[in-house]
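Source file: input_5.tsv (TSV, C-alpha atoms (C1' of nucleotides))
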```
chain	number	residue	atom	x	y	z
A	14	MET	CA	127.57	-0.07	246.11
A	15	THR	CA	128.61	3.30	244.82
A	16	GLU	CA	131.64	3.01	247.09
A	17	THR	CA	133.27	0.15	245.22
A	18	ASP	CA	132.12	1.49	241.88
A	19	ARG	CA	133.94	4.65	242.67
A	20	ALA	CA	137.06	2.76	243.69
A	21	ARG	CA	136.84	0.76	240.50
A	22	LEU	CA	136.73	3.98	238.52
A	23	TYR	CA	139.87	5.21	240.24
A	24	GLU	CA	141.68	1.97	239.58
A	25	GLU	CA	140.50	2.01	235.99
A	26	LEU	CA	141.65	5.56	235.42
A	27	GLY	CA	145.03	4.69	236.86
A	28	VAL	CA	145.55	1.81	234.48
A	29	VAL	CA	144.18	3.72	231.51
A	30	SER	CA	146.41	6.68	232.30
A	31	ARG	CA	149.51	4.55	232.31
A	32	ARG	CA	148.58	2.91	229.05
A	33	HIS	CA	147.69	6.27	227.58
A	34	LEU	CA	151.06	7.70	228.46
A	35	ALA	CA	152.83	4.61	227.21
A	36	ALA	CA	150.96	4.90	223.94
A	37	TYR	CA	152.10	8.47	223.62
A	38	VAL	CA	155.72	7.53	224.23
A	39	LEU	CA	155.50	4.88	221.54
A	40	PHE	CA	153.81	7.28	219.17
A	41	ASN	CA	156.43	9.90	219.80
A	42	GLN	CA	159.08	7.30	219.08
A	43	ALA	CA	157.35	6.30	215.85
A	44	VAL	CA	157.14	9.92	214.72
A	45	ALA	CA	160.82	10.37	215.50
A	46	ASP	CA	161.78	7.24	213.56
A	47	HIS	CA	159.60	8.33	210.69
A	48	LEU	CA	161.24	11.73	210.46
A	49	GLY	CA	164.71	10.41	211.12
A	50	LEU	CA	165.32	12.27	214.34
A	51	HIS	CA	165.24	11.57	218.05
A	52	PRO	CA	162.30	11.34	220.44
A	53	THR	CA	163.72	14.21	222.47
A	54	ASP	CA	163.87	16.37	219.37
A	55	VAL	CA	160.24	15.69	218.52
A	56	GLN	CA	159.27	16.32	222.11
A	57	CYS	CA	161.10	19.62	222.03
A	58	LEU	CA	159.48	20.73	218.79
A	59	SER	CA	156.10	19.72	220.12
A	60	LEU	CA	156.64	21.86	223.18
A	61	MET	CA	158.08	24.78	221.27
A	62	THR	CA	155.09	25.01	218.96
A	63	ALA	CA	152.87	25.19	222.03
A	64	GLU	CA	154.65	28.40	223.01
A	65	PRO	CA	153.89	31.68	221.25
A	66	GLU	CA	157.36	33.22	221.61
A	67	PRO	CA	160.89	31.99	220.87
A	68	LEU	CA	162.61	30.22	223.73
A	69	THR	CA	166.10	30.45	225.14
A	70	VAL	CA	168.36	27.42	225.40
A	71	LYS	CA	167.95	27.51	229.15
A	72	GLN	CA	164.16	27.39	228.89
A	73	ILE	CA	164.40	24.44	226.53
A	74	ALA	CA	166.66	22.70	229.01
A	75	ASP	CA	164.11	23.21	231.77
A	76	MET	CA	161.17	22.08	229.66
A	77	THR	CA	162.87	18.89	228.56
A	78	GLY	CA	164.69	18.18	231.80
A	79	LEU	CA	168.09	18.24	230.12
A	80	THR	CA	171.23	20.03	231.28
A	81	THR	CA	172.18	23.21	229.46
A	82	GLY	CA	174.99	21.32	227.79
A	83	SER	CA	172.68	18.70	226.37
A	84	ALA	CA	170.19	21.38	225.41
A	85	THR	CA	172.91	23.07	223.39
A	86	ARG	CA	173.47	19.83	221.51
A	87	LEU	CA	169.75	19.38	221.06
A	88	VAL	CA	169.47	22.81	219.48
A	89	ASP	CA	172.55	21.96	217.40
A	90	ARG	CA	170.75	18.97	215.93
A	91	LEU	CA	167.55	20.88	215.31
A	92	GLU	CA	169.46	23.74	213.72
A	93	ARG	CA	171.46	21.39	211.53
A	94	GLY	CA	168.20	19.79	210.43
A	95	GLY	CA	166.80	23.20	209.62
A	96	TYR	CA	163.99	23.02	212.16
A	97	VAL	CA	165.05	26.06	214.16
A	98	THR	CA	167.30	29.11	213.93
A	99	ARG	CA	169.52	30.72	216.55
A	100	THR	CA	169.21	34.44	217.17
A	101	PRO	CA	171.20	36.40	219.74
A	102	ASP	CA	169.04	38.21	222.26
A	103	ARG	CA	169.59	41.94	222.21
A	104	GLN	CA	168.22	42.53	225.69
A	105	ASP	CA	170.49	39.94	227.32
A	106	ARG	CA	173.53	39.19	225.25
A	107	ARG	CA	174.24	35.98	227.11
A	108	ARG	CA	171.05	34.48	225.78
A	109	VAL	CA	170.31	32.85	222.46
A	110	LEU	CA	166.75	32.79	221.16
A	111	VAL	CA	165.67	29.62	219.40
A	112	THR	CA	162.98	30.21	216.79
A	113	PRO	CA	161.15	27.41	214.97
A	114	VAL	CA	161.25	27.47	211.18
A	115	PRO	CA	157.55	27.34	210.25
A	116	GLU	CA	157.74	25.50	206.92
A	117	ARG	CA	160.15	22.92	208.32
A	118	VAL	CA	158.23	22.36	211.52
A	119	ALA	CA	155.09	22.03	209.40
A	120	ARG	CA	156.43	18.65	208.27
A	121	VAL	CA	156.33	17.47	211.83
A	122	GLY	CA	152.94	19.08	212.20
A	123	ALA	CA	151.76	17.19	209.15
A	124	VAL	CA	152.29	13.91	210.93
A	125	TRP	CA	150.38	15.23	213.89
A	126	ASP	CA	147.63	16.51	211.64
A	127	GLU	CA	147.06	13.12	210.07
A	128	LEU	CA	146.68	11.90	213.57
A	129	GLY	CA	144.43	14.91	213.88
A	130	HIS	CA	141.84	13.40	211.57
A	131	GLY	CA	141.29	10.56	213.95
A	132	TRP	CA	141.42	13.04	216.76
A	133	GLN	CA	138.64	15.07	215.24
A	134	ALA	CA	136.46	11.99	215.31
A	135	ILE	CA	137.19	11.49	218.97
A	136	LEU	CA	136.67	15.11	219.88
A	137	GLU	CA	133.45	15.46	217.95
A	138	ASP	CA	131.89	12.80	220.10
A	139	HIS	CA	132.35	15.00	223.15
A	140	THR	CA	130.19	17.89	224.27
A	141	ASP	CA	131.74	21.22	225.13
A	142	ALA	CA	131.31	20.49	228.79
A	143	GLU	CA	133.07	17.15	228.46
A	144	LEU	CA	135.96	18.73	226.64
A	145	ARG	CA	136.29	21.29	229.38
A	146	THR	CA	136.31	18.49	231.92
A	147	ILE	CA	139.13	16.71	230.12
A	148	ILE	CA	141.09	19.92	229.71
A	149	GLN	CA	140.70	20.78	233.36
A	150	HIS	CA	141.77	17.32	234.46
A	151	MET	CA	144.92	17.42	232.34
A	152	ARG	CA	145.77	20.88	233.60
A	153	ARG	CA	145.51	19.78	237.18
A	154	ALA	CA	147.38	16.57	236.53
A	155	SER	CA	150.20	18.56	234.93
A	156	ALA	CA	150.32	20.97	237.84
A	157	LEU	CA	150.42	18.06	240.24
A	158	SER	CA	153.27	16.50	238.32
A	159	HIS	CA	155.33	19.64	238.60
A	160	THR	CA	154.63	19.90	242.29
A	161	GLN	CA	155.68	16.31	242.81
A	162	ILE	CA	158.81	16.79	240.72
A	163	GLU	CA	159.88	19.59	243.03
A	164	ARG	CA	159.16	17.40	246.02
A	165	LEU	CA	161.18	14.52	244.62
A	166	ARG	CA	164.13	16.77	243.89
A	167	THR	CA	164.31	18.08	247.42
A	168	MET	CA	163.87	14.63	248.92
A	169	PRO	CA	166.73	12.34	249.88
A	170	ARG	CA	167.19	9.30	247.72
A	171	PRO	CA	166.32	5.95	249.33
A	172	ASP	CA	169.41	3.72	249.98
B	3	MET	CA	129.84	32.01	217.93
B	4	THR	CA	129.80	28.46	219.19
B	5	GLU	CA	131.87	27.61	216.14
B	6	THR	CA	134.96	29.48	217.28
B	7	ASP	CA	134.41	28.48	220.88
B	8	ARG	CA	134.53	24.89	219.78
B	9	ALA	CA	137.68	25.48	217.75
B	10	ARG	CA	139.22	27.19	220.73
B	11	LEU	CA	138.45	24.15	222.85
B	12	TYR	CA	140.19	21.90	220.34
B	13	GLU	CA	143.22	24.13	220.24
B	14	GLU	CA	143.26	24.33	224.00
B	15	LEU	CA	143.06	20.58	224.41
B	16	GLY	CA	145.89	20.16	221.95
B	17	VAL	CA	148.18	22.46	223.90
B	18	VAL	CA	147.13	21.04	227.25
B	19	SER	CA	147.69	17.50	226.01
B	20	ARG	CA	151.23	18.26	224.95
B	21	ARG	CA	152.03	19.93	228.25
B	22	HIS	CA	150.38	17.09	230.11
B	23	LEU	CA	152.54	14.53	228.36
B	24	ALA	CA	155.64	16.63	228.81
B	25	ALA	CA	154.87	16.86	232.51
B	26	TYR	CA	154.58	13.10	232.67
B	27	VAL	CA	157.91	12.62	230.94
B	28	LEU	CA	159.56	14.96	233.44
B	29	PHE	CA	157.85	13.26	236.34
B	30	ASN	CA	158.93	9.87	235.09
B	31	GLN	CA	162.46	11.18	234.83
B	32	ALA	CA	162.32	12.57	238.36
B	33	VAL	CA	161.07	9.26	239.72
B	34	ALA	CA	163.87	7.48	237.92
B	35	ASP	CA	166.50	9.86	239.28
B	36	HIS	CA	165.04	9.52	242.73
B	37	LEU	CA	165.23	5.73	242.68
B	38	GLY	CA	168.57	5.65	240.91
B	39	LEU	CA	167.41	3.90	237.78
B	40	HIS	CA	166.48	4.80	234.24
B	41	PRO	CA	163.29	6.32	232.84
B	42	THR	CA	162.80	3.27	230.66
B	43	ASP	CA	163.02	1.01	233.69
B	44	VAL	CA	160.39	3.00	235.55
B	45	GLN	CA	158.20	3.04	232.49
B	46	CYS	CA	158.54	-0.71	232.21
B	47	LEU	CA	157.67	-1.31	235.86
B	48	SER	CA	154.72	1.03	235.56
B	49	LEU	CA	153.42	-0.96	232.62
B	50	MET	CA	154.11	-4.32	234.21
B	51	THR	CA	152.12	-3.51	237.30
B	52	ALA	CA	149.19	-2.62	235.07
B	53	GLU	CA	149.19	-6.20	233.81
B	54	PRO	CA	147.77	-9.02	235.94
B	55	GLU	CA	150.08	-11.76	234.64
B	56	PRO	CA	153.85	-12.05	234.20
B	57	LEU	CA	155.16	-10.91	230.83
B	58	THR	CA	157.67	-12.39	228.44
B	59	VAL	CA	160.74	-10.48	227.32
B	60	LYS	CA	159.19	-10.14	223.90
B	61	GLN	CA	156.05	-8.56	225.30
B	62	ILE	CA	158.14	-6.11	227.27
B	63	ALA	CA	160.03	-5.25	224.11
B	64	ASP	CA	156.77	-4.52	222.30
B	65	MET	CA	155.31	-2.49	225.12
B	66	THR	CA	158.35	-0.28	225.44
B	67	GLY	CA	159.22	-0.15	221.76
B	68	LEU	CA	162.66	-1.65	222.32
B	69	THR	CA	164.35	-4.43	220.37
B	70	THR	CA	164.49	-7.85	222.01
B	71	GLY	CA	168.17	-7.35	222.64
B	72	SER	CA	167.63	-4.10	224.50
B	73	ALA	CA	164.72	-5.65	226.36
B	74	THR	CA	167.03	-8.39	227.57
B	75	ARG	CA	169.36	-5.78	228.98
B	76	LEU	CA	166.44	-3.93	230.51
B	77	VAL	CA	165.34	-7.07	232.31
B	78	ASP	CA	168.98	-7.64	233.30
B	79	ARG	CA	169.04	-4.28	235.04
B	80	LEU	CA	165.70	-4.82	236.73
B	81	GLU	CA	166.72	-8.28	237.86
B	82	ARG	CA	170.04	-7.04	239.18
B	83	GLY	CA	168.16	-4.37	241.12
B	84	GLY	CA	165.86	-7.00	242.52
B	85	TYR	CA	162.72	-5.59	240.95
B	86	VAL	CA	161.84	-8.67	238.92
B	87	THR	CA	162.68	-12.36	238.65
B	88	ARG	CA	163.16	-14.54	235.60
B	89	THR	CA	161.24	-17.79	235.34
B	90	PRO	CA	161.41	-20.23	232.44
B	91	ASP	CA	158.05	-20.89	230.82
B	92	ARG	CA	157.06	-24.53	230.95
B	93	GLN	CA	154.58	-24.31	228.10
B	94	ASP	CA	157.05	-22.75	225.71
B	95	ARG	CA	160.63	-23.40	226.71
B	96	ARG	CA	161.96	-20.61	224.51
B	97	ARG	CA	160.18	-18.06	226.61
B	98	VAL	CA	161.19	-16.44	229.87
B	99	LEU	CA	158.54	-15.07	232.20
B	100	VAL	CA	159.39	-11.85	233.99
B	101	THR	CA	157.62	-11.49	237.32
B	102	PRO	CA	157.67	-8.31	239.42
B	103	VAL	CA	158.90	-8.66	242.99
B	104	PRO	CA	156.03	-7.15	245.00
B	105	GLU	CA	157.90	-5.75	247.99
B	106	ARG	CA	160.58	-4.24	245.77
B	107	VAL	CA	158.17	-2.77	243.28
B	108	ALA	CA	156.21	-1.38	246.20
B	109	ARG	CA	159.02	1.12	246.66
B	110	VAL	CA	158.32	2.46	243.23
B	111	GLY	CA	154.63	2.31	243.98
B	112	ALA	CA	155.25	4.34	247.12
B	113	VAL	CA	156.43	7.25	245.06
B	114	TRP	CA	153.36	6.94	242.89
B	115	ASP	CA	151.15	6.70	245.93
B	116	GLU	CA	152.42	9.93	247.39
B	117	LEU	CA	151.51	11.41	244.08
B	118	GLY	CA	148.28	9.55	244.62
B	119	HIS	CA	147.33	11.79	247.53
B	120	GLY	CA	147.24	14.76	245.24
B	121	TRP	CA	145.53	12.60	242.69
B	122	GLN	CA	142.79	11.75	245.10
B	123	ALA	CA	142.07	15.43	245.49
B	124	ILE	CA	141.80	15.83	241.77
B	125	LEU	CA	139.65	12.77	241.29
B	126	GLU	CA	137.29	13.60	244.12
B	127	ASP	CA	136.34	16.80	242.37
B	128	HIS	CA	134.96	14.81	239.48
B	129	THR	CA	131.61	13.10	239.25
B	130	ASP	CA	131.36	9.48	238.17
B	131	ALA	CA	130.17	10.54	234.77
B	132	GLU	CA	133.13	12.88	234.35
B	133	LEU	CA	135.55	10.17	235.31
B	134	ARG	CA	134.00	7.87	232.75
B	135	THR	CA	134.35	10.60	230.16
B	136	ILE	CA	138.03	10.99	230.91
B	137	ILE	CA	138.60	7.25	230.90
B	138	GLN	CA	136.82	6.85	227.61
B	139	HIS	CA	138.78	9.64	226.03
B	140	MET	CA	142.11	8.21	227.10
B	141	ARG	CA	141.11	4.78	225.87
B	142	ARG	CA	140.23	6.11	222.47
B	143	ALA	CA	143.31	8.28	222.34
B	144	SER	CA	145.48	5.25	223.14
B	145	ALA	CA	143.78	3.17	220.48
B	146	LEU	CA	144.27	5.96	217.97
B	147	SER	CA	147.94	6.19	218.86
B	148	HIS	CA	148.45	2.51	218.19
B	149	THR	CA	146.62	2.76	214.88
B	150	GLN	CA	148.77	5.69	213.86
B	151	ILE	CA	151.94	3.94	214.93
B	152	GLU	CA	151.11	1.08	212.60
B	153	ARG	CA	150.43	3.54	209.81
B	154	LEU	CA	153.71	5.33	210.37
B	155	ARG	CA	155.64	2.09	210.32
B	156	THR	CA	154.24	1.03	206.98
B	157	MET	CA	154.74	4.47	205.49
B	158	PRO	CA	157.81	5.50	203.55
B	159	ARG	CA	160.04	8.01	205.27
B	160	PRO	CA	160.06	11.52	203.79
B	161	ASP	CA	163.35	12.50	202.00
C	19	DC	C1'	158.64	-38.74	211.21
C	20	DA	C1'	161.93	-35.67	209.05
C	21	DT	C1'	163.03	-31.02	207.73
C	22	DA	C1'	162.56	-26.35	206.56
C	23	DG	C1'	160.87	-22.05	208.41
C	24	DT	C1'	159.70	-19.11	212.34
C	25	DT	C1'	159.97	-17.28	216.97
C	26	DC	C1'	162.31	-16.34	221.28
C	27	DG	C1'	165.95	-14.71	224.14
C	28	DC	C1'	170.87	-13.73	224.55
C	29	DT	C1'	175.47	-11.65	223.26
C	30	DG	C1'	179.53	-8.70	220.80
C	31	DC	C1'	179.97	-4.43	218.61
C	32	DG	C1'	179.59	0.36	217.34
C	33	DT	C1'	176.92	4.55	217.76
C	34	DC	C1'	175.47	8.58	220.02
C	35	DG	C1'	172.59	11.05	223.41
C	36	DC	C1'	173.46	12.55	227.79
C	37	DG	C1'	175.47	14.29	232.44
C	38	DC	C1'	179.45	16.32	234.32
C	39	DA	C1'	182.91	19.74	234.87
C	40	DG	C1'	185.05	23.62	233.35
C	41	DC	C1'	185.16	27.77	230.44
C	42	DA	C1'	184.39	32.73	228.62
C	43	DA	C1'	181.08	36.28	228.19
C	44	DT	C1'	177.54	38.93	230.15
C	45	DT	C1'	174.47	40.55	233.69
C	46	DT	C1'	173.37	41.48	238.48
C	47	DT	C1'	174.54	42.52	243.12
C	48	DT	C1'	176.91	44.87	246.90
D	28	DA	C1'	184.55	48.76	240.93
D	29	DA	C1'	184.77	44.09	242.39
D	30	DA	C1'	182.27	39.85	243.55
D	31	DA	C1'	178.68	36.69	242.51
D	32	DA	C1'	175.33	34.63	239.62
D	33	DT	C1'	173.55	33.31	235.03
D	34	DT	C1'	173.79	31.82	230.16
D	35	DG	C1'	175.49	29.02	226.57
D	36	DC	C1'	179.30	26.24	224.73
D	37	DT	C1'	182.89	22.42	224.71
D	38	DG	C1'	186.01	18.00	226.04
D	39	DC	C1'	185.33	13.81	228.26
D	40	DG	C1'	183.51	9.37	229.73
D	41	DC	C1'	179.50	6.49	230.53
D	42	DG	C1'	176.05	3.60	229.18
D	43	DA	C1'	171.49	2.66	226.86
D	44	DC	C1'	170.26	1.41	222.51
D	45	DG	C1'	169.95	-0.71	217.64
D	46	DC	C1'	171.96	-4.06	214.76
D	47	DA	C1'	173.49	-8.52	213.33
D	48	DG	C1'	174.16	-13.03	214.40
D	49	DC	C1'	173.77	-17.11	217.40
D	50	DG	C1'	171.60	-21.50	219.49
D	51	DA	C1'	167.43	-23.41	221.29
D	52	DA	C1'	162.75	-24.45	220.81
D	53	DC	C1'	158.27	-24.45	218.56
D	54	DT	C1'	155.42	-24.91	214.17
D	55	DA	C1'	154.26	-26.18	209.44
D	56	DT	C1'	154.76	-28.89	205.36
D	57	DG	C1'	156.02	-33.06	202.81
```

As structure tokens:
Amino acid sequence: MTETDRARLYEELGVVSRRHLAAYVLFNQAVADHLGLHPTDVQCLSLMTAEPEPLTVKQIADMTGLTTGSATRLVDRLERGGYVTRTPDRQDRRRVLVTPVPERVARVGAVWDELGHGWQAILEDHTDAELRTIIQHMRRASALSHTQIERLRTMPRPD
Amino acid sequence: MTETDRARLYEELGVVSRRHLAAYVLFNQAVADHLGLHPTDVQCLSLMTAEPEPLTVKQIADMTGLTTGSATRLVDRLERGGYVTRTPDRQDRRRVLVTPVPERVARVGAVWDELGHGWQAILEDHTDAELRTIIQHMRRASALSHTQIERLRTMPRPD
DNA sequence: CATAGTTCGCTGCGTCGCGCAGCAATTTTT
DNA sequence: AAAAATTGCTGCGCGACGCAGCGAACTATG
């Protein structure tokens, strides 16, 4: 019965995904507690370091799902903590570029890196092809999420 | 240079993972907005439906990372919204069992299911072996997260 | 059986992140 | 040049959350 096996795999992946995401949320929370800042802040730093160039406040707002007002406050906290610096954008003087402070962000990275050791062990057990499979799946899942988010926003709310 | 290719894969997976998780957070937020409740509530329902048996308030607190007090309020909100019911536990009369209300939770599930259509498309492109690879990876990543969370909690805070 | 210690869930209280609305400054459009 | 849109910032109020403490119930020790 490859049919039911297949269905079982789907069901399993669903459950595992939810637990996986929950585990990440908890981990993110733990990192935030450990560093004495907020989950949103850690999330923001995590996302910023995945981008090569400095971001504007508006871009940060979009990435985190916050309003521009809240994003301003978020950057305020990060700036006060010395994690980022504000720089006016010369091209568009309305904009403010937010640049991570490498040595400060490295402290956050350090926590991730210690997790990295365990990660290495996990990754090393995978072949290149398997890694590519995982990467591709996450990419597509992310893309799907964004599509669905758009759909939800343009849909009427039940009740 | 398989060496650098490998390193590139690691780097890539790291970036993709962060974006993947960010996408989930945004999606969770969008679902919450759409249903008129809070991200934490949606997260909780998502986790509850992954469990076969009713949970106690304490278990919910642990799963979500909240204090028992906040978990009580969380259950209050869910109960008021008709998503769950409280039932005293006969075995241990201190405990309160929280049971999801199927038809009400189905509304949340409906949103997930519509996402599910896109998910199907993604999943169908994978072989059984690939699915197992992904499942295994997420399992191990989750386990690692929990290990690291414990480590962080028993570690002194920097500064 | 009695009693101290632990666990569970609930409740005031204060904190603070967040959305909302409005604002000035700048850019873009017509 | 004027109108419209965009960007980032600031009061304001809401409400989720952690914290501390409570009573009830279970468990361990004598």

For this session: Determine which residues of chain C sit within 12 Å of chain A, taking into account only C-alpha atoms (C1' of nucleotides), and present them as a list in words.
Result: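 So the residues of chain C near chain A are DC34, DG35, DC36, DG37, DC38, DA39, DG40, DA42, DA43, DT44, DT45 and DT46 of chain C.
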
Exercise. In terms of the shortest atom-to-atom distance over only C-alpha atoms (C1' of nucleotides), which of B:Met140, B:Leu99, B:Val27, B:Leu39 is closest to chain D?
Worked result: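 Ranked by minimum distance to chain D, first place goes to B:Leu39.
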
Exercise. Rounded to one decimal in Å, what is the spacing between atom CA of A:Arg145 and atom CA of B:Leu15?
Worked result: 8.4 Å

Problem set entry | Which of D:DT34, D:DC39, D:DG45, D:DA28 sits closest to C:DC31 [using only C-alpha atoms (C1' of nucleotides)] |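 Selected residue with least distance to C:DC31: D:DG45.
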
Contacts between chain B and chain D, please, where a residue of chain D counts if it comes within 8 Å (with only C-alpha atoms (C1' of nucleotides)); show its shortest atom pair and distance in Å to one decimal, rows by chain and ascending number, as JSON lines.
```
{"residue": "D:DC44", "atom": "C1'", "partner": "B:Ser72", "partner_atom": "CA", "distance": 6.4}
{"residue": "D:DG45", "atom": "C1'", "partner": "B:Thr69", "partner_atom": "CA", "distance": 7.3}
{"residue": "D:DA51", "atom": "C1'", "partner": "B:Arg96", "partner_atom": "CA", "distance": 6.9}
{"residue": "D:DA52", "atom": "C1'", "partner": "B:Arg96", "partner_atom": "CA", "distance": 5.4}
{"residue": "D:DC53", "atom": "C1'", "partner": "B:Asp94", "partner_atom": "CA", "distance": 7.4}
```

Exercise. Please, what distance in Å, to one decimal, runs between atom CA of A:Leu91 and atom CA of B:Val44?
Worked result: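 Value for the atom CA of A:Leu91-atom CA of B:Val44 distance: 27.9 Å.
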
For this session: May I ask you to extract the residues of chain A within 8 Å of chain B, using all atoms listed in the file, and to give them as a ChimeraX atom specification?
Result: /A:19,22-23,25-26,28-37,39-40,42-44,47-49,56,59-60,63,76-78,128,131-132,135-136,141,143-148,150-155,157-159,161-162,165-166,169-171

Exercise. Could you state the separation of atom CA of A:Gln72 and atom C1' of D:DG42 in Å, given to one decimal place?
Worked result: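 Going from atom CA of A:Gln72 over to atom C1' of D:DG42 covers 26.6 Å.
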
Problem set entry | Selection near D:DA55, 10 Å with only C-alpha atoms (C1' of nucleotides), sequence-local residues under 6 positions removed, as a VMD selection string | chain C and resid 22 to 24

For this session: Find the residues around B:Gly84 up to 10 Å (all atoms listed in the file counted), leave out those fewer than 4 positions away in its own chain, and share them as a list in words.
Result: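 Final neighbour list, sorted by chain and number: Asp78, Arg79, Leu80, Pro102, Val103, Glu105, Arg106 and Val107 of chain B.
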
Leaving out D:DG48 and any residue of its chain fewer than 2 positions from it, which residues lie within 10 Å of it when counting all atoms listed in the file, given as a CSV table (one decimal) with C-alpha atoms (C1' of nucleotides), keeping the file's coordinate frame?
```
chain,number,residue,atom,x,y,z
C,29,DT,C1',175.5,-11.6,223.3
C,30,DG,C1',179.5,-8.7,220.8
D,46,DC,C1',172.0,-4.1,214.8
```
